[in-house]
Amino acid sequence: MNNILSLLGLCKKSGRMICGTDMVIDSMQKKKIFFIFIASDSTEATIDKIEKKAYFYQVPINKSFDTLSLNQALGTNNFKVIGISDLGFSKKFIELSKVERE
């Protein structure tokens with residue numbers, strides 16, 4: 001898990017992420033999002049909304065972290081939905097998420 005959060009901080013520094021529910025959905029519709037983090041303590045409505053859009057656009061999701069963990073990794077406040085807009089970072093997040101589940 002630490003590897004994912006460390007990589008998330010690096011991704012933010014590179015400017016390859018989009019934060020916020022509406023911004024992520026908008027970017028997903030433009031096919032600019034390749035991976036999504038949803039805070040595990042998000043509202044059911046937010047999770048449902050993002051999951052449906054992600055399913056439609058075939059974007060993988062990670063719900064392993066709460067809001068505090070995600071925001072500490074980013075050095076920000078109160079983002080519950082984070083979209084990764086770089087294919088390389090996304091592939092690494094997918095790989096690390098699979099390892100985490102095993």
# chains A, B, ... in the order shown; residues from 1 in each chain; ligands from 1
$ select_by_dssp --residues "chain A" --states "strand (DSSP E)" --output "VMD selection string"
chain A and resid 17 to 19 35 to 38 61 to 62 81 to 84
$ write_last_selection --atoms "all heavy atoms" --output "mmCIF file, in the first residue's frame"
data_model
loop_
_atom_site.group_PDB
_atom_site.id
_atom_site.type_symbol
_atom_site.label_atom_id
_atom_site.label_comp_id
_atom_site.auth_asym_id
_atom_site.auth_seq_id
_atom_site.Cartn_x
_atom_site.Cartn_y
_atom_site.Cartn_z
ATOM 1 N N MET A 17 -2.637 14.202 -12.766
ATOM 2 C CA MET A 17 -3.845 13.762 -12.085
ATOM 3 C C MET A 17 -4.892 14.862 -12.066
ATOM 4 O O MET A 17 -4.571 16.039 -12.196
ATOM 5 C CB MET A 17 -3.535 13.265 -10.680
ATOM 6 C CG MET A 17 -3.428 14.305 -9.624
ATOM 7 S SD MET A 17 -3.233 13.656 -7.952
ATOM 8 C CE MET A 17 -2.314 12.196 -8.128
ATOM 9 N N ILE A 18 -6.127 14.429 -11.928
ATOM 10 C CA ILE A 18 -7.261 15.336 -11.869
ATOM 11 C C ILE A 18 -8.041 14.974 -10.612
ATOM 12 O O ILE A 18 -8.336 13.796 -10.383
ATOM 13 C CB ILE A 18 -8.132 15.205 -13.126
ATOM 14 C CG1 ILE A 18 -7.306 15.624 -14.342
ATOM 15 C CG2 ILE A 18 -9.409 16.022 -12.996
ATOM 16 C CD1 ILE A 18 -7.893 15.289 -15.663
ATOM 17 N N CYS A 19 -8.346 15.966 -9.797
ATOM 18 C CA CYS A 19 -9.019 15.719 -8.529
ATOM 19 C C CYS A 19 -10.419 16.314 -8.521
ATOM 20 O O CYS A 19 -10.653 17.382 -9.075
ATOM 21 C CB CYS A 19 -8.212 16.325 -7.385
ATOM 22 S SG CYS A 19 -6.564 15.629 -7.217
ATOM 23 N N PHE A 35 -7.183 5.681 -14.839
ATOM 24 C CA PHE A 35 -7.294 4.984 -13.560
ATOM 25 C C PHE A 35 -7.926 5.943 -12.562
ATOM 26 O O PHE A 35 -7.687 7.152 -12.628
ATOM 27 C CB PHE A 35 -5.908 4.539 -13.065
ATOM 28 C CG PHE A 35 -5.949 3.585 -11.920
ATOM 29 C CD1 PHE A 35 -6.152 2.231 -12.142
ATOM 30 C CD2 PHE A 35 -5.791 4.019 -10.616
ATOM 31 C CE1 PHE A 35 -6.180 1.335 -11.078
ATOM 32 C CE2 PHE A 35 -5.820 3.144 -9.555
ATOM 33 C CZ PHE A 35 -6.014 1.791 -9.786
ATOM 34 N N ILE A 36 -8.711 5.399 -11.628
ATOM 35 C CA ILE A 36 -9.402 6.256 -10.652
ATOM 36 C C ILE A 36 -9.221 5.698 -9.247
ATOM 37 O O ILE A 36 -9.329 4.497 -9.023
ATOM 38 C CB ILE A 36 -10.910 6.341 -10.964
ATOM 39 C CG1 ILE A 36 -11.133 6.975 -12.329
ATOM 40 C CG2 ILE A 36 -11.645 7.134 -9.881
ATOM 41 C CD1 ILE A 36 -12.576 6.959 -12.783
ATOM 42 N N PHE A 37 -8.962 6.608 -8.319
ATOM 43 C CA PHE A 37 -9.003 6.301 -6.893
ATOM 44 C C PHE A 37 -10.266 6.926 -6.325
ATOM 45 O O PHE A 37 -10.532 8.111 -6.551
ATOM 46 C CB PHE A 37 -7.796 6.905 -6.156
ATOM 47 C CG PHE A 37 -6.505 6.192 -6.425
ATOM 48 C CD1 PHE A 37 -5.651 6.639 -7.409
ATOM 49 C CD2 PHE A 37 -6.155 5.075 -5.690
ATOM 50 C CE1 PHE A 37 -4.455 5.990 -7.667
ATOM 51 C CE2 PHE A 37 -4.966 4.417 -5.942
ATOM 52 C CZ PHE A 37 -4.108 4.876 -6.928
ATOM 53 N N ILE A 38 -11.037 6.135 -5.597
ATOM 54 C CA ILE A 38 -12.200 6.644 -4.873
ATOM 55 C C ILE A 38 -11.955 6.343 -3.402
ATOM 56 O O ILE A 38 -11.651 5.203 -3.040
ATOM 57 C CB ILE A 38 -13.510 5.947 -5.299
ATOM 58 C CG1 ILE A 38 -13.754 6.082 -6.791
ATOM 59 C CG2 ILE A 38 -14.693 6.514 -4.515
ATOM 60 C CD1 ILE A 38 -14.946 5.293 -7.282
ATOM 61 N N ILE A 61 -10.733 1.024 -11.187
ATOM 62 C CA ILE A 61 -10.918 1.795 -9.948
ATOM 63 C C ILE A 61 -10.198 1.106 -8.795
ATOM 64 O O ILE A 61 -10.167 -0.118 -8.718
ATOM 65 C CB ILE A 61 -12.416 1.889 -9.601
ATOM 66 C CG1 ILE A 61 -13.172 2.674 -10.652
ATOM 67 C CG2 ILE A 61 -12.625 2.520 -8.232
ATOM 68 C CD1 ILE A 61 -14.670 2.683 -10.432
ATOM 69 N N ASN A 62 -9.683 1.932 -7.870
ATOM 70 C CA ASN A 62 -9.133 1.438 -6.612
ATOM 71 C C ASN A 62 -9.887 2.130 -5.475
ATOM 72 O O ASN A 62 -9.923 3.362 -5.423
ATOM 73 C CB ASN A 62 -7.637 1.742 -6.521
ATOM 74 C CG ASN A 62 -7.003 1.214 -5.256
ATOM 75 O OD1 ASN A 62 -7.531 1.352 -4.170
ATOM 76 N ND2 ASN A 62 -5.830 0.620 -5.398
ATOM 77 N N VAL A 81 -12.203 11.746 -4.926
ATOM 78 C CA VAL A 81 -12.087 11.108 -6.235
ATOM 79 C C VAL A 81 -10.872 11.689 -6.951
ATOM 80 O O VAL A 81 -10.753 12.905 -7.095
ATOM 81 C CB VAL A 81 -13.361 11.325 -7.081
ATOM 82 C CG1 VAL A 81 -13.221 10.677 -8.447
ATOM 83 C CG2 VAL A 81 -14.589 10.779 -6.357
ATOM 84 N N ILE A 82 -9.982 10.793 -7.383
ATOM 85 C CA ILE A 82 -8.743 11.214 -8.036
ATOM 86 C C ILE A 82 -8.589 10.416 -9.324
ATOM 87 O O ILE A 82 -8.615 9.181 -9.294
ATOM 88 C CB ILE A 82 -7.531 10.972 -7.114
ATOM 89 C CG1 ILE A 82 -7.698 11.769 -5.821
ATOM 90 C CG2 ILE A 82 -6.233 11.325 -7.820
ATOM 91 C CD1 ILE A 82 -6.827 11.307 -4.692
ATOM 92 N N GLY A 83 -8.435 11.115 -10.420
ATOM 93 C CA GLY A 83 -8.253 10.470 -11.712
ATOM 94 C C GLY A 83 -6.821 10.612 -12.185
ATOM 95 O O GLY A 83 -6.215 11.672 -12.051
ATOM 96 N N ILE A 84 -6.273 9.540 -12.723
ATOM 97 C CA ILE A 84 -4.904 9.538 -13.236
ATOM 98 C C ILE A 84 -4.973 9.698 -14.752
ATOM 99 O O ILE A 84 -5.599 8.899 -15.441
ATOM 100 C CB ILE A 84 -4.164 8.232 -12.867
ATOM 101 C CG1 ILE A 84 -4.249 7.964 -11.353
ATOM 102 C CG2 ILE A 84 -2.724 8.274 -13.355
ATOM 103 C CD1 ILE A 84 -3.687 9.063 -10.477
#
$ residues_around --residues "stretch 31-34 of chain A" --least-positions-apart "3" --cutoff "9 Å" --atoms "only C-alpha atoms" --output "list of chain:residue names"
A:Met17, A:Ile18, A:Val24, A:Ile25, A:Asp26, A:Ser27, A:Met28, A:Tyr57, A:Gln58, A:Val59, A:Pro60, A:Gly83, A:Ile84, A:Ser85, A:Asp86, A:Leu87, A:Phe89, A:Ser90, A:Lys91
$ closest_residue --among "A:Val99, A:Cys11, A:Met23, A:Ala39" --to "A:Leu68" --atoms "only C-alpha atoms"
A:Ala39
$ select_by_dssp --residues "chain A" --states "helix (DSSP H, G or I)" --output "PyMOL selection string"
chain A and resi 2-14+21-29+44-57+67-74+87-101
$ write_last_selection --atoms "C-alpha atoms" --output "CSV table (one decimal), in the first residue's frame"
chain,number,residue,atom,x,y,z
A,2,ASN,CA,2.8,2.4,0.8
A,3,ASN,CA,4.1,1.9,-2.8
A,4,ILE,CA,0.8,3.1,-4.2
A,5,LEU,CA,0.6,6.1,-2.0
A,6,SER,CA,4.2,7.1,-2.7
A,7,LEU,CA,3.6,6.7,-6.5
A,8,LEU,CA,0.4,8.8,-6.1
A,9,GLY,CA,2.4,11.7,-4.6
A,10,LEU,CA,4.9,11.4,-7.5
A,11,CYS,CA,2.0,11.5,-9.9
A,12,LYS,CA,0.7,14.7,-8.4
A,13,LYS,CA,4.1,16.4,-8.6
A,14,SER,CA,4.2,15.5,-12.3
A,21,THR,CA,-15.8,14.1,-8.8
A,22,ASP,CA,-17.0,16.5,-11.5
A,23,MET,CA,-13.6,17.1,-13.0
A,24,VAL,CA,-12.8,13.4,-13.1
A,25,ILE,CA,-16.2,12.6,-14.8
A,26,ASP,CA,-15.7,15.3,-17.3
A,27,SER,CA,-12.2,14.1,-18.1
A,28,MET,CA,-13.4,10.5,-18.3
A,29,GLN,CA,-15.9,11.5,-20.9
A,44,GLU,CA,-22.7,5.8,-1.6
A,45,ALA,CA,-24.0,8.3,-4.2
A,46,THR,CA,-20.5,9.4,-5.2
A,47,ILE,CA,-19.2,5.8,-5.4
A,48,ASP,CA,-22.2,4.7,-7.4
A,49,LYS,CA,-21.9,7.6,-9.8
A,50,ILE,CA,-18.1,7.1,-10.4
A,51,GLU,CA,-18.4,3.3,-10.7
A,52,LYS,CA,-21.1,3.5,-13.3
A,53,LYS,CA,-19.2,6.0,-15.4
A,54,ALA,CA,-16.0,4.0,-15.0
A,55,TYR,CA,-17.7,0.8,-16.0
A,56,PHE,CA,-19.1,2.6,-19.1
A,57,TYR,CA,-15.7,4.0,-20.1
A,67,THR,CA,-9.9,10.2,2.3
A,68,LEU,CA,-7.2,10.9,5.0
A,69,SER,CA,-4.7,8.5,3.4
A,70,LEU,CA,-5.2,9.8,-0.1
A,71,ASN,CA,-5.0,13.4,0.9
A,72,GLN,CA,-1.9,12.9,3.1
A,73,ALA,CA,-0.2,11.3,0.1
A,74,LEU,CA,-1.2,14.3,-2.1
A,87,LEU,CA,-1.1,5.9,-19.1
A,88,GLY,CA,2.3,4.9,-17.6
A,89,PHE,CA,1.3,5.8,-14.1
A,90,SER,CA,-2.1,4.1,-14.6
A,91,LYS,CA,-0.4,0.8,-15.7
A,92,LYS,CA,1.8,0.9,-12.6
A,93,PHE,CA,-1.3,1.6,-10.4
A,94,ILE,CA,-3.1,-1.4,-12.0
A,95,GLU,CA,-0.1,-3.6,-11.4
A,96,LEU,CA,0.3,-2.6,-7.8
A,97,SER,CA,-3.4,-2.9,-7.1
A,98,LYS,CA,-3.3,-6.5,-8.4
A,99,VAL,CA,-0.3,-7.3,-6.1
A,100,GLU,CA,-2.1,-5.7,-3.1
A,101,ARG,CA,-5.2,-8.0,-3.6
$ decode --residues "stretch 1-63 of chain A" --atoms "C-alpha atoms" --output "PDB file, in the first residue's frame"
ATOM      1  CA  MET A   1       0.000   0.000   0.000  1.00  0.00           C
ATOM      2  CA  ASN A   2       2.845   2.374   0.751  1.00  0.00           C
ATOM      3  CA  ASN A   3       4.115   1.945  -2.813  1.00  0.00           C
ATOM      4  CA  ILE A   4       0.776   3.068  -4.225  1.00  0.00           C
ATOM      5  CA  LEU A   5       0.582   6.139  -1.999  1.00  0.00           C
ATOM      6  CA  SER A   6       4.199   7.090  -2.742  1.00  0.00           C
ATOM      7  CA  LEU A   7       3.569   6.750  -6.460  1.00  0.00           C
ATOM      8  CA  LEU A   8       0.390   8.807  -6.067  1.00  0.00           C
ATOM      9  CA  GLY A   9       2.431  11.662  -4.567  1.00  0.00           C
ATOM     10  CA  LEU A  10       4.898  11.450  -7.462  1.00  0.00           C
ATOM     11  CA  CYS A  11       2.013  11.467  -9.937  1.00  0.00           C
ATOM     12  CA  LYS A  12       0.664  14.677  -8.374  1.00  0.00           C
ATOM     13  CA  LYS A  13       4.056  16.352  -8.626  1.00  0.00           C
ATOM     14  CA  SER A  14       4.211  15.463 -12.316  1.00  0.00           C
ATOM     15  CA  GLY A  15       0.807  17.070 -12.882  1.00  0.00           C
ATOM     16  CA  ARG A  16      -0.734  13.872 -14.243  1.00  0.00           C
ATOM     17  CA  MET A  17      -3.845  13.762 -12.085  1.00  0.00           C
ATOM     18  CA  ILE A  18      -7.261  15.336 -11.869  1.00  0.00           C
ATOM     19  CA  CYS A  19      -9.019  15.719  -8.529  1.00  0.00           C
ATOM     20  CA  GLY A  20     -12.688  16.071  -7.731  1.00  0.00           C
ATOM     21  CA  THR A  21     -15.768  14.121  -8.781  1.00  0.00           C
ATOM     22  CA  ASP A  22     -17.039  16.457 -11.497  1.00  0.00           C
ATOM     23  CA  MET A  23     -13.598  17.088 -12.989  1.00  0.00           C
ATOM     24  CA  VAL A  24     -12.847  13.357 -13.119  1.00  0.00           C
ATOM     25  CA  ILE A  25     -16.197  12.563 -14.774  1.00  0.00           C
ATOM     26  CA  ASP A  26     -15.680  15.337 -17.323  1.00  0.00           C
ATOM     27  CA  SER A  27     -12.173  14.100 -18.130  1.00  0.00           C
ATOM     28  CA  MET A  28     -13.354  10.490 -18.272  1.00  0.00           C
ATOM     29  CA  GLN A  29     -15.923  11.457 -20.902  1.00  0.00           C
ATOM     30  CA  LYS A  30     -13.104  13.029 -22.924  1.00  0.00           C
ATOM     31  CA  LYS A  31     -11.137   9.755 -22.528  1.00  0.00           C
ATOM     32  CA  LYS A  32      -8.346  11.464 -20.591  1.00  0.00           C
ATOM     33  CA  ILE A  33      -8.557   9.315 -17.437  1.00  0.00           C
ATOM     34  CA  PHE A  34      -6.971   5.864 -17.264  1.00  0.00           C
ATOM     35  CA  PHE A  35      -7.294   4.984 -13.560  1.00  0.00           C
ATOM     36  CA  ILE A  36      -9.402   6.256 -10.652  1.00  0.00           C
ATOM     37  CA  PHE A  37      -9.003   6.301  -6.893  1.00  0.00           C
ATOM     38  CA  ILE A  38     -12.200   6.644  -4.873  1.00  0.00           C
ATOM     39  CA  ALA A  39     -11.921   7.144  -1.128  1.00  0.00           C
ATOM     40  CA  SER A  40     -13.474   4.187   0.682  1.00  0.00           C
ATOM     41  CA  ASP A  41     -15.356   6.580   2.973  1.00  0.00           C
ATOM     42  CA  SER A  42     -17.035   8.471   0.110  1.00  0.00           C
ATOM     43  CA  THR A  43     -20.804   8.663   0.036  1.00  0.00           C
ATOM     44  CA  GLU A  44     -22.697   5.832  -1.615  1.00  0.00           C
ATOM     45  CA  ALA A  45     -23.985   8.287  -4.226  1.00  0.00           C
ATOM     46  CA  THR A  46     -20.460   9.359  -5.193  1.00  0.00           C
ATOM     47  CA  ILE A  47     -19.179   5.785  -5.352  1.00  0.00           C
ATOM     48  CA  ASP A  48     -22.171   4.673  -7.424  1.00  0.00           C
ATOM     49  CA  LYS A  49     -21.857   7.626  -9.817  1.00  0.00           C
ATOM     50  CA  ILE A  50     -18.132   7.075 -10.421  1.00  0.00           C
ATOM     51  CA  GLU A  51     -18.437   3.287 -10.665  1.00  0.00           C
ATOM     52  CA  LYS A  52     -21.149   3.525 -13.330  1.00  0.00           C
ATOM     53  CA  LYS A  53     -19.161   6.020 -15.413  1.00  0.00           C
ATOM     54  CA  ALA A  54     -15.951   4.034 -14.979  1.00  0.00           C
ATOM     55  CA  TYR A  55     -17.702   0.840 -16.037  1.00  0.00           C
ATOM     56  CA  PHE A  56     -19.088   2.558 -19.136  1.00  0.00           C
ATOM     57  CA  TYR A  57     -15.704   4.039 -20.109  1.00  0.00           C
ATOM     58  CA  GLN A  58     -13.794   0.919 -18.953  1.00  0.00           C
ATOM     59  CA  VAL A  59     -11.608   2.727 -16.430  1.00  0.00           C
ATOM     60  CA  PRO A  60     -10.219   0.647 -13.518  1.00  0.00           C
ATOM     61  CA  ILE A  61     -10.918   1.795  -9.948  1.00  0.00           C
ATOM     62  CA  ASN A  62      -9.133   1.438  -6.612  1.00  0.00           C
ATOM     63  CA  LYS A  63     -11.202   1.880  -3.412  1.00  0.00           C
TER      64      LYS A  63
END
